[in-house]
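So this block is entry-v2.txt, compact mmCIF, C-alpha atoms and all ligand atoms:
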# COMPACT_ATOMS: atom_id res chain seq x y z
CA MET K 1 -18.94 10.63 25.63
CA ASN K 2 -18.14 10.25 21.96
CA VAL K 3 -16.17 7.22 20.98
CA ILE K 4 -13.01 7.81 18.94
CA TYR K 5 -12.61 4.51 17.19
CA LEU K 6 -9.02 3.88 16.13
CA ASP K 7 -9.23 0.09 16.29
CA ASN K 8 -10.26 -0.65 12.73
CA ASN K 9 -7.85 -3.56 12.33
CA ALA K 10 -9.86 -5.31 15.06
CA THR K 11 -13.18 -4.65 13.38
CA THR K 12 -14.94 -1.88 11.48
CA LYS K 13 -18.19 0.02 11.63
CA VAL K 14 -20.76 -1.44 9.25
CA ALA K 15 -21.18 1.28 6.61
CA PRO K 16 -24.69 2.85 6.71
CA GLU K 17 -25.19 2.01 3.01
CA VAL K 18 -24.31 -1.59 3.83
CA VAL K 19 -26.87 -1.72 6.65
CA ASP K 20 -29.51 -0.35 4.24
CA ALA K 21 -28.57 -2.92 1.62
CA MET K 22 -28.80 -5.91 3.95
CA LEU K 23 -31.82 -5.12 6.12
CA PRO K 24 -34.55 -6.16 3.63
CA TYR K 25 -32.91 -9.61 3.50
CA LEU K 26 -33.35 -10.04 7.24
CA SER K 27 -36.95 -8.84 7.34
CA GLU K 28 -38.82 -9.14 4.05
CA TYR K 29 -36.82 -11.49 1.85
CA TYR K 30 -35.91 -14.27 4.23
CA GLY K 31 -36.15 -17.15 1.78
CA ASN K 32 -33.61 -19.87 1.11
CA PRO K 33 -31.74 -19.33 -2.18
CA SER K 34 -31.86 -23.09 -2.85
CA SER K 35 -35.68 -23.20 -2.81
CA MET K 36 -37.66 -24.02 -5.95
CA HIS K 37 -40.11 -21.18 -5.34
CA SER K 38 -39.11 -17.77 -6.58
CA PHE K 39 -39.47 -16.16 -3.13
CA GLY K 40 -36.33 -18.02 -2.11
CA GLY K 41 -34.80 -18.87 -5.46
CA ASN K 42 -34.64 -15.23 -6.59
CA LEU K 43 -32.10 -14.61 -3.87
CA ALA K 44 -29.54 -16.69 -5.76
CA ALA K 45 -29.23 -13.83 -8.27
CA LYS K 46 -28.57 -11.39 -5.42
CA ILE K 47 -25.77 -13.62 -4.18
CA GLU K 48 -24.28 -13.70 -7.69
CA GLN K 49 -24.38 -9.91 -7.80
CA ALA K 50 -22.46 -9.76 -4.50
CA ARG K 51 -19.99 -12.30 -5.87
CA GLN K 52 -19.30 -10.02 -8.84
CA SER K 53 -18.69 -7.07 -6.52
CA VAL K 54 -16.20 -8.96 -4.37
CA ALA K 55 -14.49 -10.36 -7.48
CA ALA K 56 -14.13 -6.84 -8.91
CA LEU K 57 -12.50 -5.61 -5.69
CA ILE K 58 -9.61 -8.10 -5.99
CA GLY K 59 -9.47 -8.58 -9.77
CA ALA K 60 -10.89 -12.12 -9.70
CA ALA K 61 -13.49 -13.89 -11.82
CA PRO K 62 -16.82 -14.26 -9.98
CA ASP K 63 -16.72 -18.06 -9.91
CA GLU K 64 -13.37 -17.92 -8.10
CA ILE K 65 -15.13 -16.37 -5.08
CA VAL K 66 -16.48 -18.68 -2.35
CA PHE K 67 -18.50 -17.15 0.47
CA ASN K 68 -18.08 -18.51 3.98
CA SER K 69 -18.23 -17.34 7.59
CA CYS K 70 -14.99 -15.44 8.31
CA GLY K 71 -11.31 -14.93 7.63
CA THR K 72 -10.40 -17.74 9.98
CA GLU K 73 -12.53 -20.20 8.01
CA SER K 74 -10.93 -19.02 4.77
CA ASP K 75 -7.42 -19.51 6.15
CA GLY K 76 -8.19 -22.96 7.55
CA THR K 77 -9.98 -24.09 4.41
CA ALA K 78 -7.12 -22.97 2.16
CA ILE K 79 -4.41 -24.73 4.15
CA ARG K 80 -6.41 -27.94 4.55
CA ALA K 81 -7.25 -27.97 0.83
CA ALA K 82 -3.59 -27.49 -0.07
CA ILE K 83 -2.35 -30.32 2.12
CA GLU K 84 -5.16 -32.65 1.12
CA SER K 85 -4.36 -32.11 -2.53
CA ASN K 86 -0.69 -32.91 -1.87
CA PRO K 87 -0.98 -35.95 0.41
CA ASP K 88 2.64 -37.02 -0.08
CA LYS K 89 4.13 -33.68 0.92
CA LYS K 90 4.77 -33.11 4.61
CA HIS K 91 6.37 -29.67 4.76
CA ILE K 92 4.46 -26.42 5.17
CA ILE K 93 5.75 -22.85 5.38
CA THR K 94 4.46 -19.64 6.91
CA SER K 95 5.95 -16.64 8.74
CA ARG K 96 6.53 -15.99 12.41
CA VAL K 97 4.14 -13.05 12.47
CA GLU K 98 0.90 -14.55 11.16
CA HIS K 99 -2.52 -14.11 12.72
CA PRO K 100 -3.50 -16.96 15.09
CA ALA K 101 -5.83 -18.26 12.34
CA ILE K 102 -2.71 -19.47 10.51
CA LYS K 103 -0.19 -19.63 13.36
CA ASN K 104 -2.25 -21.92 15.57
CA LEU K 105 -3.34 -24.10 12.65
CA TYR K 106 0.31 -24.60 11.64
CA GLU K 107 1.22 -25.42 15.24
CA THR K 108 -1.60 -27.99 15.32
CA LEU K 109 -0.40 -29.48 12.04
CA SER K 110 3.14 -29.73 13.39
CA LYS K 111 1.78 -31.97 16.15
CA LYS K 112 0.16 -34.10 13.45
CA GLY K 113 3.43 -34.86 11.73
CA TYR K 114 3.95 -31.89 9.42
CA ARG K 115 7.35 -30.27 9.30
CA VAL K 116 6.69 -26.57 9.74
CA THR K 117 8.94 -23.68 8.78
CA PHE K 118 8.16 -20.33 10.38
CA VAL K 119 10.09 -17.78 8.32
CA PRO K 120 11.67 -15.07 10.49
CA VAL K 121 11.32 -11.31 10.05
CA ASP K 122 13.88 -8.57 10.75
CA ASN K 123 13.52 -5.80 13.33
CA GLN K 124 11.31 -3.86 10.90
CA GLY K 125 8.96 -6.81 10.45
CA ARG K 126 10.28 -7.52 6.92
CA LEU K 127 10.28 -11.10 5.73
CA ASP K 128 13.62 -12.91 5.39
CA LEU K 129 13.21 -13.82 1.72
CA ASP K 130 16.52 -15.71 1.42
CA TYR K 131 15.53 -17.91 4.35
CA LEU K 132 12.15 -18.56 2.74
CA TYR K 133 13.51 -19.43 -0.71
CA ASP K 134 16.16 -21.65 0.83
CA LYS K 135 13.46 -23.72 2.55
CA LEU K 136 11.30 -24.38 -0.52
CA SER K 137 11.58 -28.03 -1.44
CA ASP K 138 9.87 -30.80 -3.35
CA ASP K 139 8.28 -31.82 -0.05
CA THR K 140 6.63 -28.40 0.49
CA ALA K 141 2.83 -28.61 0.17
CA VAL K 142 1.92 -24.97 0.76
CA VAL K 143 3.33 -21.55 1.57
CA SER K 144 0.98 -19.19 3.37
CA LEU K 145 1.97 -15.59 4.04
CA MET K 146 -0.11 -12.67 5.16
CA TRP K 147 -0.40 -9.77 2.74
CA ALA K 148 -0.28 -7.21 5.55
CA ASN K 149 0.30 -7.60 9.25
CA ASN K 150 -2.60 -6.83 11.56
CA GLU K 151 -0.41 -5.37 14.34
CA THR K 152 2.18 -3.31 12.50
CA GLY K 153 0.57 -2.94 9.06
CA VAL K 154 3.83 -4.13 7.43
CA ILE K 155 3.19 -5.34 3.88
CA PHE K 156 4.97 -8.43 2.58
CA PRO K 157 6.19 -8.52 -1.07
CA ILE K 158 3.45 -10.95 -2.04
CA GLU K 159 3.89 -10.58 -5.80
CA GLU K 160 7.58 -11.47 -5.69
CA VAL K 161 7.15 -14.33 -3.23
CA SER K 162 4.20 -15.72 -5.15
CA ARG K 163 6.29 -15.84 -8.34
CA GLU K 164 9.12 -17.77 -6.64
CA VAL K 165 6.81 -20.17 -4.85
CA LYS K 166 4.66 -20.86 -7.90
CA ALA K 167 7.77 -21.40 -10.04
CA ARG K 168 8.53 -24.34 -7.75
CA GLY K 169 5.02 -25.74 -8.31
CA ILE K 170 4.04 -25.09 -4.69
CA VAL K 171 0.56 -23.87 -3.68
CA PHE K 172 0.61 -20.26 -2.46
CA HIS K 173 -2.02 -18.83 -0.12
CA THR K 174 -2.20 -15.31 1.25
CA ASP K 175 -4.15 -14.05 4.23
CA ALA K 176 -5.21 -10.68 2.86
CA VAL K 177 -7.73 -9.99 5.62
CA GLN K 178 -6.00 -6.72 6.58
CA ALA K 179 -4.97 -5.68 3.09
CA VAL K 180 -8.25 -5.87 1.17
CA GLY K 181 -10.03 -2.53 0.98
CA LYS K 182 -6.96 -0.66 2.27
CA ILE K 183 -4.60 -1.05 -0.68
CA PRO K 184 -5.21 -2.13 -4.30
CA ILE K 185 -5.27 -5.92 -4.63
CA ASP K 186 -5.06 -7.78 -7.91
CA VAL K 187 -5.00 -11.56 -7.68
CA ASN K 188 -3.85 -11.88 -11.28
CA ALA K 189 -0.90 -9.53 -10.96
CA THR K 190 0.25 -11.50 -7.94
CA GLY K 191 -0.70 -14.95 -9.18
CA VAL K 192 -1.73 -16.24 -5.74
CA ASP K 193 -3.63 -19.54 -5.72
CA MET K 194 -5.84 -18.72 -2.77
CA LEU K 195 -6.61 -15.55 -0.81
CA SER K 196 -8.59 -14.95 2.39
CA LEU K 197 -10.66 -11.90 3.20
CA SER K 198 -13.15 -11.04 5.90
CA GLY K 199 -16.34 -8.94 5.87
CA HIS K 200 -15.98 -7.24 9.22
CA LYS K 201 -12.64 -5.67 8.30
CA VAL K 202 -14.15 -3.89 5.28
CA HIS K 203 -17.26 -2.26 6.79
CA ALA K 204 -19.51 -5.31 6.33
CA PRO K 205 -20.86 -7.27 9.30
CA LYS K 206 -19.12 -10.01 11.25
CA GLY K 207 -19.82 -13.59 10.21
CA VAL K 208 -19.09 -13.43 6.50
CA GLY K 209 -15.83 -14.07 4.69
CA VAL K 210 -14.48 -15.11 1.32
CA LEU K 211 -11.93 -17.55 0.04
CA TYR K 212 -10.67 -16.72 -3.44
CA ILE K 213 -9.66 -19.91 -5.24
CA ARG K 214 -7.84 -19.48 -8.55
CA LYS K 215 -9.46 -21.41 -11.37
CA GLY K 216 -7.69 -24.75 -11.77
CA THR K 217 -6.46 -24.92 -8.16
CA LYS K 218 -7.08 -28.33 -6.64
CA PHE K 219 -9.64 -27.87 -3.90
CA PHE K 220 -11.34 -29.91 -1.21
CA PRO K 221 -14.17 -28.32 0.76
CA TYR K 222 -13.77 -28.04 4.50
CA MET K 223 -17.52 -27.70 5.12
CA ILE K 224 -18.93 -30.71 3.34
CA GLY K 225 -22.67 -30.55 2.90
CA GLY K 226 -25.11 -29.26 0.31
CA HIS K 227 -24.37 -28.03 -3.17
CA GLN K 228 -24.05 -24.38 -2.10
CA GLU K 229 -21.11 -22.42 -3.53
CA LYS K 230 -20.83 -25.11 -6.23
CA GLY K 231 -20.05 -27.71 -3.59
CA ARG K 232 -17.05 -25.75 -2.33
CA ARG K 233 -18.70 -24.71 0.94
CA GLY K 234 -21.80 -26.48 2.22
CA GLY K 235 -24.36 -24.74 4.41
CA THR K 236 -27.27 -22.41 3.69
CA GLU K 237 -25.89 -19.07 2.60
CA ASN K 238 -25.81 -16.11 5.01
CA VAL K 239 -27.82 -14.16 2.44
CA SER K 240 -28.09 -10.78 4.17
CA SER K 241 -24.41 -10.71 5.10
CA ILE K 242 -23.29 -11.81 1.64
CA ILE K 243 -25.36 -9.00 0.12
CA ALA K 244 -23.83 -6.67 2.71
CA LEU K 245 -20.32 -7.76 1.75
CA GLY K 246 -21.13 -7.14 -1.91
CA LYS K 247 -22.16 -3.58 -1.09
CA ALA K 248 -19.12 -3.11 1.16
CA ALA K 249 -16.88 -4.33 -1.68
CA ASP K 250 -18.42 -1.76 -4.08
CA LEU K 251 -17.75 1.01 -1.56
CA ALA K 252 -14.22 -0.23 -0.82
CA LYS K 253 -13.41 -0.34 -4.53
CA GLN K 254 -14.58 3.25 -5.01
CA HIS K 255 -12.51 4.27 -2.01
CA VAL K 256 -9.35 2.54 -3.20
CA ASP K 257 -9.85 3.67 -6.83
CA VAL K 258 -10.01 7.35 -5.91
CA ASN K 259 -6.91 7.01 -3.72
CA GLY K 260 -9.13 7.31 -0.65
CA TYR K 261 -6.37 5.69 1.36
CA GLU K 262 -4.17 8.76 0.74
CA ALA K 263 -6.46 10.80 2.98
CA ILE K 264 -6.26 8.14 5.68
CA LYS K 265 -2.50 7.93 5.31
CA LYS K 266 -2.17 11.69 5.78
CA MET K 267 -4.10 11.52 9.03
CA ARG K 268 -2.12 8.48 10.19
CA ASP K 269 1.16 10.24 9.40
CA ARG K 270 0.09 13.37 11.27
CA LEU K 271 -0.92 11.34 14.30
CA GLU K 272 2.31 9.43 14.22
CA SER K 273 4.75 12.31 13.69
CA THR K 274 3.05 14.53 16.28
CA LEU K 275 3.09 11.80 18.91
CA LEU K 276 6.70 10.90 18.19
CA ALA K 277 7.69 14.55 18.49
CA GLY K 278 5.59 15.10 21.63
CA VAL K 279 6.54 12.01 23.62
CA THR K 280 10.18 11.15 24.34
CA ASN K 281 11.27 7.52 24.11
CA SER K 282 8.61 6.64 21.58
CA MET K 283 9.12 4.88 18.25
CA ILE K 284 7.32 3.17 15.39
CA ASN K 285 7.24 -0.62 15.23
CA GLY K 286 7.68 -1.85 11.67
CA ASP K 287 8.86 -0.82 8.22
CA ARG K 288 7.59 2.71 7.64
CA GLU K 289 8.00 2.40 3.87
CA ASN K 290 5.87 -0.68 3.26
CA ARG K 291 2.93 -0.33 5.57
CA LEU K 292 -0.84 -0.19 5.37
CA PRO K 293 -1.91 3.45 5.14
CA ASN K 294 -4.26 3.17 8.12
CA THR K 295 -2.03 1.50 10.72
CA THR K 296 0.62 2.65 13.15
CA SER K 297 2.08 0.70 16.04
CA ILE K 298 3.80 3.09 18.42
CA ALA K 299 6.00 1.94 21.28
CA PHE K 300 5.97 4.18 24.35
CA GLU K 301 8.92 2.88 26.32
CA TYR K 302 8.71 1.94 30.00
CA VAL K 303 4.92 2.01 30.33
CA GLU K 304 2.36 -0.76 30.26
CA GLY K 305 0.15 -0.96 27.17
CA GLU K 306 -2.86 -2.13 29.14
CA ALA K 307 -2.59 0.86 31.48
CA ILE K 308 -2.36 3.19 28.48
CA LEU K 309 -5.47 1.62 26.95
CA LEU K 310 -7.42 2.01 30.20
CA MET K 311 -6.56 5.69 30.42
CA MET K 312 -7.37 6.20 26.72
CA ASN K 313 -10.66 4.45 27.37
CA GLU K 314 -11.56 7.16 29.91
CA HIS K 315 -11.47 9.60 27.00
CA GLY K 316 -13.45 7.26 24.75
CA ILE K 317 -10.38 6.48 22.61
CA CYS K 318 -10.32 2.88 21.34
CA ALA K 319 -7.08 1.23 20.18
CA SER K 320 -5.17 -2.01 20.89
CA SER K 321 -2.02 -2.91 22.75
CA GLY K 322 0.89 -5.02 21.59
CA SER K 323 0.57 -7.45 24.43
CA ALA K 324 -1.89 -10.11 25.37
CA CYS K 325 -2.74 -11.72 28.66
CA THR K 326 -1.29 -15.23 28.59
CA SER K 327 -1.91 -17.34 31.69
CA GLY K 328 -2.21 -14.39 33.99
CA SER K 329 0.79 -12.34 32.88
CA LEU K 330 1.14 -9.76 30.15
CA GLU K 331 3.28 -11.03 27.29
CA PRO K 332 4.36 -8.95 24.31
CA SER K 333 2.67 -10.24 21.17
CA HIS K 334 4.39 -12.92 19.09
CA VAL K 335 4.67 -10.34 16.29
CA LEU K 336 6.68 -7.83 18.31
CA ARG K 337 8.76 -10.66 19.82
CA ALA K 338 9.54 -12.03 16.35
CA MET K 339 10.74 -8.54 15.37
CA GLY K 340 12.98 -8.45 18.41
CA VAL K 341 11.33 -5.31 19.79
CA PRO K 342 12.90 -4.84 23.24
CA PHE K 343 10.66 -5.85 26.13
CA THR K 344 10.44 -2.31 27.49
CA ALA K 345 9.13 -1.05 24.14
CA ALA K 346 6.93 -4.01 23.23
CA HIS K 347 5.09 -3.72 26.53
CA GLY K 348 4.12 -0.13 25.86
CA SER K 349 3.13 -0.58 22.23
CA ILE K 350 -0.20 0.75 21.06
CA ARG K 351 -1.75 0.06 17.66
CA PHE K 352 -3.87 2.83 16.18
CA SER K 353 -5.83 1.81 13.09
CA LEU K 354 -7.87 4.37 11.18
CA SER K 355 -10.71 4.05 8.68
CA ARG K 356 -12.45 6.25 6.13
CA TYR K 357 -14.74 7.33 8.98
CA THR K 358 -11.85 8.76 11.02
CA THR K 359 -11.92 12.57 11.19
CA GLU K 360 -9.21 15.22 11.61
CA ASP K 361 -10.96 16.34 14.82
CA GLU K 362 -10.60 12.85 16.25
CA ILE K 363 -6.91 12.82 15.41
CA ASP K 364 -6.56 16.24 17.10
CA MET K 365 -8.20 14.84 20.21
CA VAL K 366 -5.87 11.82 20.33
CA ILE K 367 -2.84 14.04 19.77
CA GLU K 368 -3.97 16.18 22.71
CA LYS K 369 -4.76 13.34 25.11
CA MET K 370 -1.89 10.91 24.55
CA PRO K 371 1.18 12.82 25.83
CA PRO K 372 -0.25 13.55 29.30
CA ILE K 373 -1.39 9.92 29.59
CA ILE K 374 2.12 8.64 28.91
CA GLU K 375 3.64 11.28 31.18
CA ARG K 376 1.32 10.36 34.04
CA LEU K 377 2.04 6.64 33.68
CA ARG K 378 5.77 7.22 33.51
CA GLU K 379 5.60 9.18 36.79
CA LEU K 380 4.25 5.97 38.28
CA SER K 381 6.64 3.61 36.50
CA PRO K 382 9.64 2.30 38.45
CA PHE K 383 11.17 1.17 35.12
CA TRP K 384 11.01 4.69 33.73
CA LYS K 385 12.57 6.14 36.90
CA GLN K 386 15.32 3.53 36.79
CA ALA K 387 15.97 4.14 33.08
CA MET K 388 16.10 7.90 33.65
CA GLY K 389 18.46 7.43 36.58
CA HIS K 390 16.24 8.76 39.34
C1 LIG N 401 -4.55 -10.99 9.36
C2 LIG N 401 -5.81 -11.60 9.87
N1 LIG N 401 -6.15 -12.83 9.47
C3 LIG N 401 -7.29 -13.42 9.87
C4 LIG N 401 -8.14 -12.80 10.74
C5 LIG N 401 -9.37 -13.52 11.17
O1 LIG N 401 -10.51 -12.98 10.56
P1 LIG N 401 -11.95 -13.28 11.17
O2 LIG N 401 -12.08 -12.43 12.41
O3 LIG N 401 -12.90 -12.87 10.11
O4 LIG N 401 -12.02 -14.74 11.46
C6 LIG N 401 -7.83 -11.52 11.21
C7 LIG N 401 -8.70 -10.84 12.19
O5 LIG N 401 -8.23 -10.09 13.02
C8 LIG N 401 -6.63 -10.90 10.75
O6 LIG N 401 -6.28 -9.68 11.16
Is it possible to express this structure as structure tokens?
Amino acid sequence: MNVIYLDNNATTKVAPEVVDAMLPYLSEYYGNPSSMHSFGGNLAAKIEQARQSVAALIGAAPDEIVFNSCGTESDGTAIRAAIESNPDKKHIITSRVEHPAIKNLYETLSKKGYRVTFVPVDNQGRLDLDYLYDKLSDDTAVVSLMWANNETGVIFPIEEVSREVKARGIVFHTDAVQAVGKIPIDVNATGVDMLSLSGHKVHAPKGVGVLYIRKGTKFFPYMIGGHQEKGRRGGTENVSSIIALGKAADLAKQHVDVNGYEAIKKMRDRLESTLLAGVTNSMINGDRENRLPNTTSIAFEYVEGEAILLMMNEHGICASSGSACTSGSLEPSHVLRAMGVPFTAAHGSIRFSLSRYTTEDEIDMVIEKMPPIIERLRELSPFWKQAMGH
């Protein structure tokens, strides 16, 4: 059975060109870039080339790019650097819909004496800007907000927020793990101090990430060790994956530059409108205007997301649900709860996330298979019967 992979916000296929680019650095050229001999030392130039590619993708200067292991490391490093460079400030701000990489770190910091503000969102997943601006104070060490939400695709107005936050002299970090490669990103237009991205979301392998650090930003490394990455991240470089990420960044830039995301958006919109028309009691979670072009979170009321996923799986269709198993019971995700999505809709929410490898035929197949799946599950659902009055 062919797999129809519509779970690209979870992870992406490594692009074939990326595999080709990285393989020689796993087999033939396995040296250590810090070595004195040229067999290893020559690899340093390859890393610099990859750094330039990643920098070009987000409008940064190459020496503002620090390679590390993943988006989670980037997020953690940024927040820790911000609070360490402002030791007298004890207030930190984020939103209620962040990825666990930020959410759980902030919760941990709140137990360590930090005052934490989680800015609410409305029922479309849009940030409450007045609430945010009202909370900025001289005691605020850092504001961290995701560029785009991994579950709904909703895009926050990062440029505007960055301007307000920076005007108050507060460090601003953005988790752009889901945004990079899907929409144009320019760190200078937005003025962010730090930005996180992750290789495996942009058709590079897992285990490589980047923290962008604006020149002049006070920084303390999280991984203290050797002189790698100019002392900003110790540890022997993951050479093959860094080279892979460089290649993936080149491809992503081409894709974004030629409005490649328009083609993805068209497919996403077709999937979405056909499913909404074909399945009663279904709706989109999140602001349809300001959304990633590849993402749709659709709530199918009165059915269980996990059951939908299992039936989709029988047809080889991969997606994600809007709930997670917490201590034995299915809980709607914190994102959908923060948006106030009713329980009956949050439970049956499915996230479809497309990529440049998604085809029209695959979308046709999903459009064909989904309505009978929902219909079958509703026949079995006591909640559906109750809601429909029979
Ligand atoms: C918004 C967001 N931030 C951070 C991460 C973590 O990235 P990584 O898996 O590279 O640690 C993810 C991954 O799903 C994400 O979607």
Show me a table, sorted first by chain and then by increasing residue number, of the residues of segment 118-208 of chain K having an atom at most 9 Å from segment 348-364 of chain K, each with its shortest atom pair and the distance in Å to one decimal, counting only C-alpha atoms and written as JSON lines.
{"residue": "K:Glu151", "atom": "CA", "partner": "K:Arg351", "partner_atom": "CA", "distance": 6.5}
{"residue": "K:Thr152", "atom": "CA", "partner": "K:Arg351", "partner_atom": "CA", "distance": 7.3}
{"residue": "K:Gly153", "atom": "CA", "partner": "K:Ser353", "partner_atom": "CA", "distance": 8.9}
{"residue": "K:Lys182", "atom": "CA", "partner": "K:Ser355", "partner_atom": "CA", "distance": 8.8}
Considering all atoms listed in the file, return as a ChimeraX atom specification whatever protein or nucleic-acid residues lie within 8 Å of Lys89 of chain K, sequence-local ones (same chain, fewer than 5 positions apart) excluded.
/K:83,138-141
Any residue with an atom at most 9 Å from ligand LIG 401 (chain N) counts, using all atoms listed in the file. Which are they? Put them as a VMD selection string.
chain K and resid 9 to 11 69 to 75 98 to 102 146 to 151 175 to 179 196 to 201 206 to 209
If you measure from atom CA of Thr117 of chain K to atom CA of Ile58 of chain K, what distance in Å do you get, rounded to one decimal?
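These atoms are spaced 28.4 Å apart.
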Within 8 Å of Glu306 of chain K, counting only C-alpha atoms, which residues qualify if same-chain residues fewer than 4 places away don't, as JSON, numbers by chain?
{"K": [310, 321, 323, 348]}
One decimal place gives the atom CA of Gly226 of chain K-atom CA of Tyr25 of chain K separation as 21.4 Å
Using all atoms listed in the file, what residues lie at most 8 Å away from (-5.4, -5.3, -5.3) (file coordinates), given as a PyMOL selection string?
chain K and resi 57-59+180+183-187
Distance of atom CA of Met267 of chain K from atom CA of Leu6 of chain K, expressed in Å to one decimal place:
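Pair atom CA of Leu6 of chain K / atom CA of Met267 of chain K returns 11.5 Å.
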Would you be able to write out as a count of residues only which residues have an atom within 10 Å of (-14.6, 9.2, 23.1) in the file's coordinates, counting only C-alpha atoms?
15
Considering all atoms listed in the file, state which residue in the set K:Ile155, K:Leu211, K:Ala82, K:Ala61 is at the smallest distance from Arg288 of chain K.
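Of K:Ile155, K:Leu211, K:Ala82, K:Ala61, the one nearest Arg288 of chain K, counting all atoms listed in the file, is K:Ile155.
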Nearby residues (only C-alpha atoms) at most 10 Å from Asp257 of chain K, same-chain spacing under 3 positions excluded, as an NGL selection string
:K and (57 or 181 or 183-184 or 251-254 or 260-261)
Writer output for current selection, C-alpha atoms, as a short mmCIF file (atom, residue, chain, number, x, y, z; two decimals), in the frame of the given file:
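And here is the file that came out, out_17.cif:
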data_model
loop_
_atom_site.label_atom_id
_atom_site.label_comp_id
_atom_site.auth_asym_id
_atom_site.auth_seq_id
_atom_site.Cartn_x
_atom_site.Cartn_y
_atom_site.Cartn_z
CA LEU K 57 -12.50 -5.61 -5.69
CA GLY K 181 -10.03 -2.53 0.98
CA ILE K 183 -4.60 -1.05 -0.68
CA PRO K 184 -5.21 -2.13 -4.30
CA LEU K 251 -17.75 1.01 -1.56
CA ALA K 252 -14.22 -0.23 -0.82
CA LYS K 253 -13.41 -0.34 -4.53
CA GLN K 254 -14.58 3.25 -5.01
CA GLY K 260 -9.13 7.31 -0.65
CA TYR K 261 -6.37 5.69 1.36
#
Could you name the residues that touch Val18 of chain K at 9 Å or less, counting all atoms listed in the file, but leaving out those on the same chain fewer than 5 positions away, as a PyMOL selection string?
chain K and resi 23+203-205+243-248+251
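Using all atoms listed in the file, the shortest contact distance between Ala78 of chain K and any of K:Val154, K:Ile298, K:Val192, K:Ala21 is found at K:Val192.
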Determine, counting only C-alpha atoms, which protein, DNA and RNA residues have an atom within 12 Å of an atom of Gln228 of chain K; residues of the same chain fewer than 4 positions away are not included. Present the result as a ChimeraX atom specification.
/K:32-35,44,47,66-68,221,223-224,232-239
